[in-house]
Amino acid sequence: MNDEREARWRGWMVAAQAGDVPCFEKLLRELIPYLGRFVQRRLFDSSAAEDVVQNVLVSLHRARHTYRAERRFIPWLHAIARNAIIDYTRIRARRANREVSLESDRVPEPAVDAEETPSPQLSPELQRALASLTDPQREAVELIHVHGLSIAEAAKRAGVTGTALKVRAHRGYRALRAYIEASRLEERVDE
Amino acid sequence: MSRHTNEDLIRELAGDLPRVTAISRLRVAAAKVLVLWLGAVAVSGILSGDHPSFGADSSWTDAVHLSVLVGMAILAGGALLTALASAVPGRERAAGVGRAVAVLGVACVVGSGLWGIAGEQAANLGELLAGSFACFGYAIALGLPSLWIIAAFLSRGAPASRRIASAVAAVGAAGLGAFAVHAVCPITGGYHVLLGHCLPPFVAAGLLALPLAALIARGSRAESDPLSAH
């Protein structure tokens with residue numbers, strides 16, 4: 001049973017590395033309940049478990065090139081999941097410390113408003129590249145990089161989960177890079 | 001969070017799925033590091049005329065000299081394995097073996113270094129530092145090409161902690177450099193060996209860990225975040 005599952009997931013993962021979208025979707029759908037149990041056993045916090053599982057899926061997507069077909073898939077997946085749990089625990093501890101210190105200092109936190117935060121000067125090239133993005137991607141990139149908000153603050157402002165915002169920003173970065181590379185290539189051709 | 005959100009995420013991720021090339025095998029990465037190190041040692045040997053005497057002088061029968069050499073090889077090998085394995089999720093066992101070997105190497109190098117100065121009259125500190133500076137610098141310089149390969153591997157991989165991986169990588173690379181320097185250096189004085197040959201890996205870790213971690217982070221980000229390069 002376990003060997004069969006291992007072989008199936010490994011096959012899908014290898015196909016996903018080659019860009020096979022249906023196999024990747026099947027893999028992620030099967031992994032969600034498995035990862036849910038894995039994370040919950042280590043986190044003891046069911047409300048956070050689903051967030052961590054989504055972070056694992058994003059990490060799996062980003063680090064998919066670090067999987068080698070001749071090695072077992074499940075230990076690789078467990079390592080990715082453990083790292084996501086450690087990251088989550090670290091962030092939660094940091095946030096808790098900050099909340100405690102704010103509570104004790106009683107310093108009113110100034111409201112952060114991305115609309116009012118002065119934007120740093122962007123080069124015309126970057127402004128054109130940003131304008132080429134879809135609205136959700138541009139919003140994610142601007143909130144994080146132009147206004148300097150944290151993922152949590154930016155996600156709250158955009159009205160989506162932190163994971164969804166990270167995915168949007170990630171796709172925005174890729175589109176930006178493609179745009180910038182294409183425009184530089186055009187400039188070279190013109191010269 | 002609802003199932004609908006998971007479905008959205010799956011669609012978002014699957015919508016951005018270019019073909020990727022799997023990271024190279026650890027042994028291939030290790031071989032590249034060693035080849036580059038050997039190249040650096042060969043070039044340095046040709047330029048300076050230094051080469052190991054292999055038994056032509058008394059240092060090759062000296063127990064302290066040999067135990068420092070063996071310890072440095074163990075330390076460099078263990079640190080190299082740890083650093084490379086830490087870049088690949090699922091290779092924790094290899095990283096653990098590397099850590100154990102590296103700890104053995106540290107004990108061997110530090111123990112041998114201290115054994116070498118036991119009973120030796122300490123020279124003037126200024127003279128000692130001046131005399132050891134060249135070997136110290138050579139050891140780190142000879143490790144830099146290898147460090148570049150390890151850093152490239154780490155930025156392509158997914159280390160759990162970039163700072164720790166960088167520190168260990170610096171120990172491994174400078175350890176390789178120190179091994180080469182110790183093999184060719186004709187000076188066998190205990191304090192010179194301790195400062196000029198044994199110390200570089202540890203100082204390199206302290207000096208290079210943070211800048212290297214920043215470089216690795218920048219390299220990793222450049223894959224997905226073009227704004228960081230602007």
# chains A, B, ... in the order shown; residues from 1 in each chain; ligands from 1

call {"tool": "interface_residues", "arguments": {"of": "chain A", "to": "chain B", "cutoff": "7 Å", "atoms": "only C-alpha atoms", "output": "PyMOL selection string"}}
result
chain A and resi 17-19+21+24-25+28+50+61+63+65-68+75-76+79-80+83+164+170+173-174+176-177

call {"tool": "write_last_selection", "arguments": {"atoms": "C-alpha atoms", "output": "compact mmCIF listing (two decimals), in the first residue's frame"}}
result
# COMPACT_ATOMS: atom_id res chain seq x y z
CA GLN A 17 9.12 18.47 -12.94
CA ALA A 18 8.63 18.03 -16.68
CA GLY A 19 5.75 20.54 -16.56
CA VAL A 21 -0.03 20.13 -14.98
CA PHE A 24 0.88 18.04 -10.44
CA GLU A 25 -2.75 18.83 -9.59
CA LEU A 28 -1.33 18.17 -4.62
CA GLU A 50 -4.42 24.16 7.15
CA HIS A 61 6.15 23.97 -5.86
CA ALA A 63 11.59 23.48 -4.39
CA HIS A 65 13.72 20.89 -8.64
CA THR A 66 15.43 19.65 -5.44
CA TYR A 67 13.70 16.26 -5.78
CA ARG A 68 15.67 13.58 -7.63
CA PRO A 75 11.22 11.54 2.96
CA TRP A 76 11.72 14.53 0.66
CA ALA A 79 11.67 17.38 5.01
CA ILE A 80 9.78 20.14 3.17
CA ASN A 83 10.83 23.05 7.42
CA ALA A 164 -2.54 33.21 -1.70
CA HIS A 170 5.55 34.93 -6.96
CA TYR A 173 7.78 38.36 -10.08
CA ARG A 174 8.00 35.86 -12.91
CA LEU A 176 7.99 41.10 -14.24
CA ARG A 177 11.20 39.27 -15.01

call {"tool": "atom_distance", "arguments": {"atom1": "CA of Arg29 (chain A)", "atom2": "CA of Ala49 (chain A)"}}
result
15.9 Å

call {"tool": "residues_around", "arguments": {"residues": "region 136-138 of chain A", "least_positions_apart": "6", "cutoff": "6 Å", "atoms": "only C-alpha atoms", "output": "VMD selection string"}}
result
chain A and resid 168 to 169 172

call {"tool": "atom_distance", "arguments": {"atom1": "CA of Val56 (chain A)", "atom2": "CA of Arg95 (chain A)"}}
result
20.3 Å

call {"tool": "atom_distance", "arguments": {"atom1": "CA of Ile180 (chain A)", "atom2": "CA of Arg128 (chain A)"}}
result
9.1 Å

call {"tool": "residues_around", "arguments": {"residues": "Ala213 (chain B)", "least_positions_apart": "6", "cutoff": "10 Å", "atoms": "only C-alpha atoms", "output": "PyMOL selection string"}}
result
chain B and resi 151+154-155+161-167+219

call {"tool": "select_by_dssp", "arguments": {"residues": "region 7-136 of chain B", "states": "alpha helix (DSSP H)", "output": "compact mmCIF listing (two decimals) with N, CA and C atoms, in the first residue's frame"}}
result
# COMPACT_ATOMS: atom_id res chain seq x y z
N GLU B 7 -8.34 24.50 -3.49
CA GLU B 7 -8.48 24.32 -4.94
C GLU B 7 -7.91 25.54 -5.68
N ASP B 8 -8.20 26.73 -5.15
CA ASP B 8 -7.65 27.96 -5.77
C ASP B 8 -6.13 27.91 -5.78
N LEU B 9 -5.58 27.51 -4.64
CA LEU B 9 -4.13 27.45 -4.53
C LEU B 9 -3.55 26.44 -5.52
N ILE B 10 -4.18 25.27 -5.60
CA ILE B 10 -3.69 24.24 -6.54
C ILE B 10 -3.71 24.80 -7.96
N ARG B 11 -4.79 25.48 -8.31
CA ARG B 11 -4.88 26.04 -9.68
C ARG B 11 -3.81 27.10 -9.91
N GLU B 12 -3.61 27.96 -8.88
CA GLU B 12 -2.58 29.01 -9.00
C GLU B 12 -1.20 28.39 -9.22
N LEU B 13 -0.89 27.37 -8.40
CA LEU B 13 0.44 26.76 -8.49
C LEU B 13 0.60 25.99 -9.80
N ALA B 14 -0.45 25.26 -10.18
CA ALA B 14 -0.36 24.46 -11.40
C ALA B 14 -0.32 25.35 -12.64
N LEU B 26 24.57 14.88 -5.03
CA LEU B 26 25.56 15.38 -4.05
C LEU B 26 26.97 15.02 -4.49
N ARG B 27 27.15 13.77 -5.00
CA ARG B 27 28.51 13.35 -5.36
C ARG B 27 29.04 14.17 -6.54
N VAL B 28 28.13 14.58 -7.43
CA VAL B 28 28.57 15.39 -8.57
C VAL B 28 29.00 16.77 -8.07
N ALA B 29 28.18 17.33 -7.17
CA ALA B 29 28.52 18.65 -6.61
C ALA B 29 29.84 18.57 -5.84
N ALA B 30 30.00 17.48 -5.06
CA ALA B 30 31.24 17.31 -4.27
C ALA B 30 32.44 17.17 -5.22
N ALA B 31 32.24 16.44 -6.31
CA ALA B 31 33.35 16.26 -7.27
C ALA B 31 33.74 17.60 -7.88
N LYS B 32 32.74 18.44 -8.19
CA LYS B 32 33.05 19.77 -8.76
C LYS B 32 33.87 20.59 -7.76
N VAL B 33 33.44 20.53 -6.49
CA VAL B 33 34.16 21.28 -5.45
C VAL B 33 35.62 20.82 -5.38
N LEU B 34 35.81 19.51 -5.39
CA LEU B 34 37.17 18.97 -5.26
C LEU B 34 38.02 19.29 -6.49
N VAL B 35 37.40 19.20 -7.67
CA VAL B 35 38.15 19.50 -8.91
C VAL B 35 38.60 20.96 -8.90
N LEU B 36 37.69 21.84 -8.50
CA LEU B 36 38.04 23.26 -8.47
C LEU B 36 39.13 23.53 -7.43
N TRP B 37 39.02 22.83 -6.30
CA TRP B 37 40.04 22.98 -5.26
C TRP B 37 41.40 22.50 -5.77
N LEU B 38 41.40 21.34 -6.41
CA LEU B 38 42.66 20.81 -6.96
C LEU B 38 43.23 21.77 -8.00
N GLY B 39 42.34 22.35 -8.82
CA GLY B 39 42.78 23.32 -9.82
C GLY B 39 43.43 24.52 -9.16
N ALA B 40 42.78 25.03 -8.11
CA ALA B 40 43.32 26.20 -7.41
C ALA B 40 44.67 25.87 -6.79
N VAL B 41 44.77 24.66 -6.21
CA VAL B 41 46.04 24.24 -5.59
C VAL B 41 47.13 24.11 -6.65
N ALA B 42 46.76 23.53 -7.81
CA ALA B 42 47.74 23.34 -8.89
C ALA B 42 48.24 24.69 -9.40
N VAL B 43 47.29 25.61 -9.64
CA VAL B 43 47.67 26.94 -10.15
C VAL B 43 48.57 27.64 -9.14
N SER B 44 48.17 27.57 -7.87
CA SER B 44 48.96 28.23 -6.82
C SER B 44 50.35 27.59 -6.73
N GLY B 45 50.41 26.25 -6.86
CA GLY B 45 51.70 25.55 -6.82
C GLY B 45 52.60 25.96 -7.97
N ILE B 46 52.00 26.08 -9.17
CA ILE B 46 52.79 26.47 -10.35
C ILE B 46 53.32 27.90 -10.17
N LEU B 47 52.45 28.78 -9.68
CA LEU B 47 52.85 30.19 -9.53
C LEU B 47 53.90 30.38 -8.43
N SER B 48 53.73 29.64 -7.32
CA SER B 48 54.63 29.89 -6.17
C SER B 48 55.80 28.92 -6.12
N ALA B 63 54.32 13.23 14.22
CA ALA B 63 52.94 12.81 14.54
C ALA B 63 51.99 14.00 14.56
N VAL B 64 52.45 15.15 15.09
CA VAL B 64 51.58 16.32 15.16
C VAL B 64 51.22 16.79 13.74
N HIS B 65 52.24 16.86 12.88
CA HIS B 65 52.02 17.31 11.51
C HIS B 65 50.99 16.40 10.83
N LEU B 66 51.17 15.10 10.97
CA LEU B 66 50.27 14.15 10.30
C LEU B 66 48.87 14.19 10.90
N SER B 67 48.78 14.34 12.21
CA SER B 67 47.43 14.34 12.81
C SER B 67 46.67 15.62 12.46
N VAL B 68 47.39 16.75 12.31
CA VAL B 68 46.72 17.97 11.84
C VAL B 68 46.22 17.76 10.41
N LEU B 69 47.07 17.13 9.58
CA LEU B 69 46.70 16.90 8.18
C LEU B 69 45.46 15.99 8.08
N VAL B 70 45.49 14.89 8.84
CA VAL B 70 44.36 13.96 8.81
C VAL B 70 43.10 14.64 9.37
N GLY B 71 43.28 15.36 10.48
CA GLY B 71 42.14 16.06 11.09
C GLY B 71 41.53 17.07 10.13
N MET B 72 42.39 17.78 9.40
CA MET B 72 41.89 18.80 8.46
C MET B 72 41.12 18.13 7.32
N ALA B 73 41.62 16.98 6.86
CA ALA B 73 40.92 16.26 5.79
C ALA B 73 39.54 15.80 6.28
N ILE B 74 39.51 15.29 7.52
CA ILE B 74 38.22 14.81 8.08
C ILE B 74 37.28 16.00 8.24
N LEU B 75 37.80 17.10 8.79
CA LEU B 75 36.97 18.29 9.01
C LEU B 75 36.41 18.82 7.69
N ALA B 76 37.30 18.97 6.69
CA ALA B 76 36.85 19.53 5.41
C ALA B 76 35.83 18.60 4.75
N GLY B 77 36.11 17.30 4.77
CA GLY B 77 35.19 16.35 4.14
C GLY B 77 33.84 16.36 4.82
N GLY B 78 33.84 16.34 6.15
CA GLY B 78 32.58 16.33 6.90
C GLY B 78 31.78 17.61 6.69
N ALA B 79 32.47 18.75 6.73
CA ALA B 79 31.77 20.03 6.56
C ALA B 79 31.23 20.16 5.14
N LEU B 80 32.02 19.68 4.19
CA LEU B 80 31.59 19.74 2.79
C LEU B 80 30.31 18.91 2.60
N LEU B 81 30.31 17.69 3.14
CA LEU B 81 29.13 16.82 3.01
C LEU B 81 27.92 17.45 3.71
N THR B 82 28.15 18.02 4.91
CA THR B 82 27.05 18.64 5.65
C THR B 82 26.45 19.80 4.86
N ALA B 83 27.33 20.66 4.33
CA ALA B 83 26.85 21.85 3.62
C ALA B 83 26.06 21.45 2.38
N LEU B 84 26.61 20.52 1.60
CA LEU B 84 25.92 20.14 0.36
C LEU B 84 24.61 19.41 0.67
N ALA B 85 24.64 18.50 1.65
CA ALA B 85 23.42 17.73 1.96
C ALA B 85 22.34 18.63 2.54
N GLU B 92 18.78 14.52 5.15
CA GLU B 92 19.18 14.83 6.53
C GLU B 92 20.15 13.79 7.09
N ARG B 93 19.98 12.52 6.64
CA ARG B 93 20.86 11.48 7.17
C ARG B 93 22.30 11.74 6.70
N ALA B 94 22.45 12.10 5.43
CA ALA B 94 23.80 12.41 4.91
C ALA B 94 24.37 13.61 5.65
N ALA B 95 23.50 14.61 5.91
CA ALA B 95 23.96 15.80 6.63
C ALA B 95 24.38 15.43 8.05
N GLY B 96 23.64 14.51 8.67
CA GLY B 96 23.96 14.06 10.03
C GLY B 96 25.31 13.35 10.06
N VAL B 97 25.54 12.49 9.06
CA VAL B 97 26.83 11.78 8.99
C VAL B 97 27.95 12.81 8.82
N GLY B 98 27.71 13.78 7.92
CA GLY B 98 28.70 14.84 7.68
C GLY B 98 29.01 15.61 8.96
N ARG B 99 27.94 15.92 9.72
CA ARG B 99 28.13 16.66 10.98
C ARG B 99 29.00 15.87 11.95
N ALA B 100 28.70 14.58 12.08
CA ALA B 100 29.47 13.73 13.02
C ALA B 100 30.94 13.69 12.59
N VAL B 101 31.17 13.53 11.28
CA VAL B 101 32.55 13.48 10.78
C VAL B 101 33.25 14.81 11.02
N ALA B 102 32.51 15.91 10.78
CA ALA B 102 33.11 17.25 10.96
C ALA B 102 33.47 17.49 12.43
N VAL B 103 32.61 17.05 13.34
CA VAL B 103 32.89 17.23 14.77
C VAL B 103 34.17 16.45 15.14
N LEU B 104 34.28 15.24 14.58
CA LEU B 104 35.49 14.44 14.81
C LEU B 104 36.71 15.20 14.28
N GLY B 105 36.56 15.80 13.11
CA GLY B 105 37.64 16.58 12.49
C GLY B 105 38.03 17.77 13.36
N VAL B 106 37.02 18.47 13.90
CA VAL B 106 37.30 19.63 14.76
C VAL B 106 38.11 19.17 15.97
N ALA B 107 37.66 18.07 16.58
CA ALA B 107 38.36 17.56 17.76
C ALA B 107 39.80 17.22 17.41
N CYS B 108 39.97 16.59 16.25
CA CYS B 108 41.30 16.15 15.83
C CYS B 108 42.21 17.37 15.54
N VAL B 109 41.65 18.36 14.83
CA VAL B 109 42.45 19.54 14.46
C VAL B 109 42.82 20.35 15.70
N VAL B 110 41.81 20.61 16.54
CA VAL B 110 42.07 21.43 17.74
C VAL B 110 43.01 20.68 18.69
N GLY B 111 42.73 19.37 18.87
CA GLY B 111 43.58 18.56 19.76
C GLY B 111 45.02 18.54 19.25
N SER B 112 45.20 18.33 17.94
CA SER B 112 46.55 18.25 17.38
C SER B 112 47.25 19.61 17.47
N GLY B 113 46.47 20.68 17.20
CA GLY B 113 47.05 22.03 17.27
C GLY B 113 47.55 22.32 18.67
N LEU B 114 46.75 21.96 19.67
CA LEU B 114 47.15 22.21 21.07
C LEU B 114 48.31 21.29 21.46
N TRP B 115 48.30 20.08 20.95
CA TRP B 115 49.39 19.14 21.20
C TRP B 115 50.69 19.73 20.64
N GLY B 116 50.58 20.38 19.49
CA GLY B 116 51.77 20.95 18.85
C GLY B 116 52.40 22.07 19.67
N ILE B 117 51.58 22.83 20.40
CA ILE B 117 52.18 23.96 21.16
C ILE B 117 52.55 23.54 22.59
N LEU B 125 54.19 37.76 20.06
CA LEU B 125 52.89 37.61 19.39
C LEU B 125 52.87 38.30 18.02
N GLY B 126 53.47 39.49 17.95
CA GLY B 126 53.50 40.24 16.69
C GLY B 126 54.21 39.45 15.59
N GLU B 127 55.37 38.90 15.96
CA GLU B 127 56.15 38.10 14.98
C GLU B 127 55.36 36.86 14.56
N LEU B 128 54.72 36.27 15.56
CA LEU B 128 53.95 35.05 15.32
C LEU B 128 52.82 35.30 14.33
N LEU B 129 52.09 36.41 14.56
CA LEU B 129 50.97 36.74 13.68
C LEU B 129 51.48 37.07 12.28
N ALA B 130 52.58 37.86 12.22
CA ALA B 130 53.14 38.23 10.91
C ALA B 130 53.59 36.98 10.15
N GLY B 131 54.21 36.04 10.87
CA GLY B 131 54.71 34.82 10.23
C GLY B 131 53.61 33.89 9.79
N SER B 132 52.46 33.96 10.46
CA SER B 132 51.37 33.03 10.14
C SER B 132 50.37 33.62 9.17
N PHE B 133 50.48 34.93 8.95
CA PHE B 133 49.46 35.61 8.15
C PHE B 133 49.38 35.08 6.72
N ALA B 134 50.57 34.81 6.12
CA ALA B 134 50.59 34.36 4.72
C ALA B 134 49.87 33.01 4.60
N CYS B 135 50.20 32.07 5.49
CA CYS B 135 49.55 30.75 5.44
C CYS B 135 48.06 30.88 5.67
N PHE B 136 47.70 31.73 6.63
CA PHE B 136 46.29 31.95 6.96
C PHE B 136 45.53 32.45 5.73

call {"tool": "closest_residue", "arguments": {"among": "A:Ala16, A:Ala129, A:Ile86, A:Ile151", "to": "Arg62 (chain A)", "atoms": "only C-alpha atoms"}}
result
A:Ala16

call {"tool": "residues_around", "arguments": {"residues": "region 3-15 of chain A", "least_positions_apart": "5", "cutoff": "7 Å", "atoms": "only C-alpha atoms", "output": "PyMOL selection string"}}
result
chain A and resi 20+23-24+27+69+73-74

call {"tool": "write_last_selection", "arguments": {"atoms": "C-alpha atoms", "output": "short mmCIF file (atom, residue, chain, number, x, y, z; two decimals), in the first residue's frame"}}
result
data_model
loop_
_atom_site.label_atom_id
_atom_site.label_comp_id
_atom_site.auth_asym_id
_atom_site.auth_seq_id
_atom_site.Cartn_x
_atom_site.Cartn_y
_atom_site.Cartn_z
CA ASP A 20 2.81 18.07 -16.53
CA CYS A 23 -0.16 15.15 -12.67
CA PHE A 24 0.88 18.04 -10.44
CA LEU A 27 -0.35 15.05 -6.59
CA ALA A 69 13.75 10.77 -9.28
CA PHE A 73 9.56 10.93 -2.51
CA ILE A 74 8.02 10.72 0.97
#

call {"tool": "closest_residue", "arguments": {"among": "A:Ala131, A:Ile32, A:Val58, A:Ala81", "to": "Leu165 (chain A)", "atoms": "only C-alpha atoms"}}
result
A:Val58

call {"tool": "decode", "arguments": {"residues": "region 134-204 of chain B", "atoms": "C-alpha atoms", "output": "PDB file, in the first residue's frame"}}
result
ATOM      1  CA  ALA B 134      50.595  34.356   4.724  1.00  0.00           C
ATOM      2  CA  CYS B 135      49.553  30.746   5.436  1.00  0.00           C
ATOM      3  CA  PHE B 136      46.289  31.954   6.963  1.00  0.00           C
ATOM      4  CA  GLY B 137      45.466  34.043   3.887  1.00  0.00           C
ATOM      5  CA  TYR B 138      46.524  31.289   1.476  1.00  0.00           C
ATOM      6  CA  ALA B 139      44.302  28.753   3.251  1.00  0.00           C
ATOM      7  CA  ILE B 140      41.230  30.950   2.865  1.00  0.00           C
ATOM      8  CA  ALA B 141      42.106  32.019  -0.699  1.00  0.00           C
ATOM      9  CA  LEU B 142      42.588  28.410  -1.830  1.00  0.00           C
ATOM     10  CA  GLY B 143      39.132  27.572  -0.465  1.00  0.00           C
ATOM     11  CA  LEU B 144      37.326  30.424  -2.232  1.00  0.00           C
ATOM     12  CA  PRO B 145      36.771  28.700  -5.614  1.00  0.00           C
ATOM     13  CA  SER B 146      35.274  25.683  -3.809  1.00  0.00           C
ATOM     14  CA  LEU B 147      33.174  27.987  -1.678  1.00  0.00           C
ATOM     15  CA  TRP B 148      31.769  29.549  -4.832  1.00  0.00           C
ATOM     16  CA  ILE B 149      30.574  26.114  -6.061  1.00  0.00           C
ATOM     17  CA  ILE B 150      29.063  25.237  -2.670  1.00  0.00           C
ATOM     18  CA  ALA B 151      27.299  28.622  -2.516  1.00  0.00           C
ATOM     19  CA  ALA B 152      25.870  28.106  -6.007  1.00  0.00           C
ATOM     20  CA  PHE B 153      24.592  24.667  -4.949  1.00  0.00           C
ATOM     21  CA  LEU B 154      23.077  26.098  -1.755  1.00  0.00           C
ATOM     22  CA  SER B 155      21.314  28.911  -3.603  1.00  0.00           C
ATOM     23  CA  ARG B 156      19.838  26.408  -6.060  1.00  0.00           C
ATOM     24  CA  GLY B 157      18.817  24.102  -3.212  1.00  0.00           C
ATOM     25  CA  ALA B 158      16.571  24.668  -0.213  1.00  0.00           C
ATOM     26  CA  PRO B 159      18.632  24.747   2.991  1.00  0.00           C
ATOM     27  CA  ALA B 160      16.585  24.955   6.199  1.00  0.00           C
ATOM     28  CA  SER B 161      18.980  27.587   7.589  1.00  0.00           C
ATOM     29  CA  ARG B 162      21.107  29.589   5.164  1.00  0.00           C
ATOM     30  CA  ARG B 163      23.306  30.993   7.928  1.00  0.00           C
ATOM     31  CA  ILE B 164      24.229  27.606   9.355  1.00  0.00           C
ATOM     32  CA  ALA B 165      24.733  26.136   5.880  1.00  0.00           C
ATOM     33  CA  SER B 166      26.955  29.107   4.960  1.00  0.00           C
ATOM     34  CA  ALA B 167      29.052  28.782   8.107  1.00  0.00           C
ATOM     35  CA  VAL B 168      29.546  25.063   7.517  1.00  0.00           C
ATOM     36  CA  ALA B 169      30.352  25.690   3.842  1.00  0.00           C
ATOM     37  CA  ALA B 170      33.005  28.222   4.865  1.00  0.00           C
ATOM     38  CA  VAL B 171      34.523  25.711   7.307  1.00  0.00           C
ATOM     39  CA  GLY B 172      34.632  23.060   4.573  1.00  0.00           C
ATOM     40  CA  ALA B 173      36.104  25.309   1.895  1.00  0.00           C
ATOM     41  CA  ALA B 174      38.716  26.909   4.167  1.00  0.00           C
ATOM     42  CA  GLY B 175      39.447  23.412   5.536  1.00  0.00           C
ATOM     43  CA  LEU B 176      40.351  22.265   2.028  1.00  0.00           C
ATOM     44  CA  GLY B 177      42.581  25.322   1.648  1.00  0.00           C
ATOM     45  CA  ALA B 178      44.189  24.742   5.054  1.00  0.00           C
ATOM     46  CA  PHE B 179      44.830  21.090   4.175  1.00  0.00           C
ATOM     47  CA  ALA B 180      46.767  22.149   1.062  1.00  0.00           C
ATOM     48  CA  VAL B 181      48.702  24.830   2.942  1.00  0.00           C
ATOM     49  CA  HIS B 182      49.594  22.447   5.764  1.00  0.00           C
ATOM     50  CA  ALA B 183      50.788  19.841   3.240  1.00  0.00           C
ATOM     51  CA  VAL B 184      53.273  22.230   1.578  1.00  0.00           C
ATOM     52  CA  CYS B 185      54.290  24.611   4.369  1.00  0.00           C
ATOM     53  CA  PRO B 186      57.832  23.866   5.590  1.00  0.00           C
ATOM     54  CA  ILE B 187      57.300  25.641   8.947  1.00  0.00           C
ATOM     55  CA  THR B 188      56.453  23.119  11.662  1.00  0.00           C
ATOM     56  CA  GLY B 189      56.415  25.414  14.707  1.00  0.00           C
ATOM     57  CA  GLY B 190      53.436  24.628  16.938  1.00  0.00           C
ATOM     58  CA  TYR B 191      52.141  28.196  17.205  1.00  0.00           C
ATOM     59  CA  HIS B 192      52.544  28.774  13.464  1.00  0.00           C
ATOM     60  CA  VAL B 193      50.584  25.568  12.707  1.00  0.00           C
ATOM     61  CA  LEU B 194      47.869  26.502  15.185  1.00  0.00           C
ATOM     62  CA  LEU B 195      47.419  30.088  13.928  1.00  0.00           C
ATOM     63  CA  GLY B 196      48.258  29.723  10.238  1.00  0.00           C
ATOM     64  CA  HIS B 197      46.936  26.235   9.491  1.00  0.00           C
ATOM     65  CA  CYS B 198      44.352  25.186  12.100  1.00  0.00           C
ATOM     66  CA  LEU B 199      42.573  28.494  12.653  1.00  0.00           C
ATOM     67  CA  PRO B 200      41.481  29.523   9.092  1.00  0.00           C
ATOM     68  CA  PRO B 201      38.376  27.262   8.819  1.00  0.00           C
ATOM     69  CA  PHE B 202      36.933  28.617  12.054  1.00  0.00           C
ATOM     70  CA  VAL B 203      37.741  32.256  11.302  1.00  0.00           C
ATOM     71  CA  ALA B 204      36.351  31.819   7.773  1.00  0.00           C
TER      72      ALA B 204
END
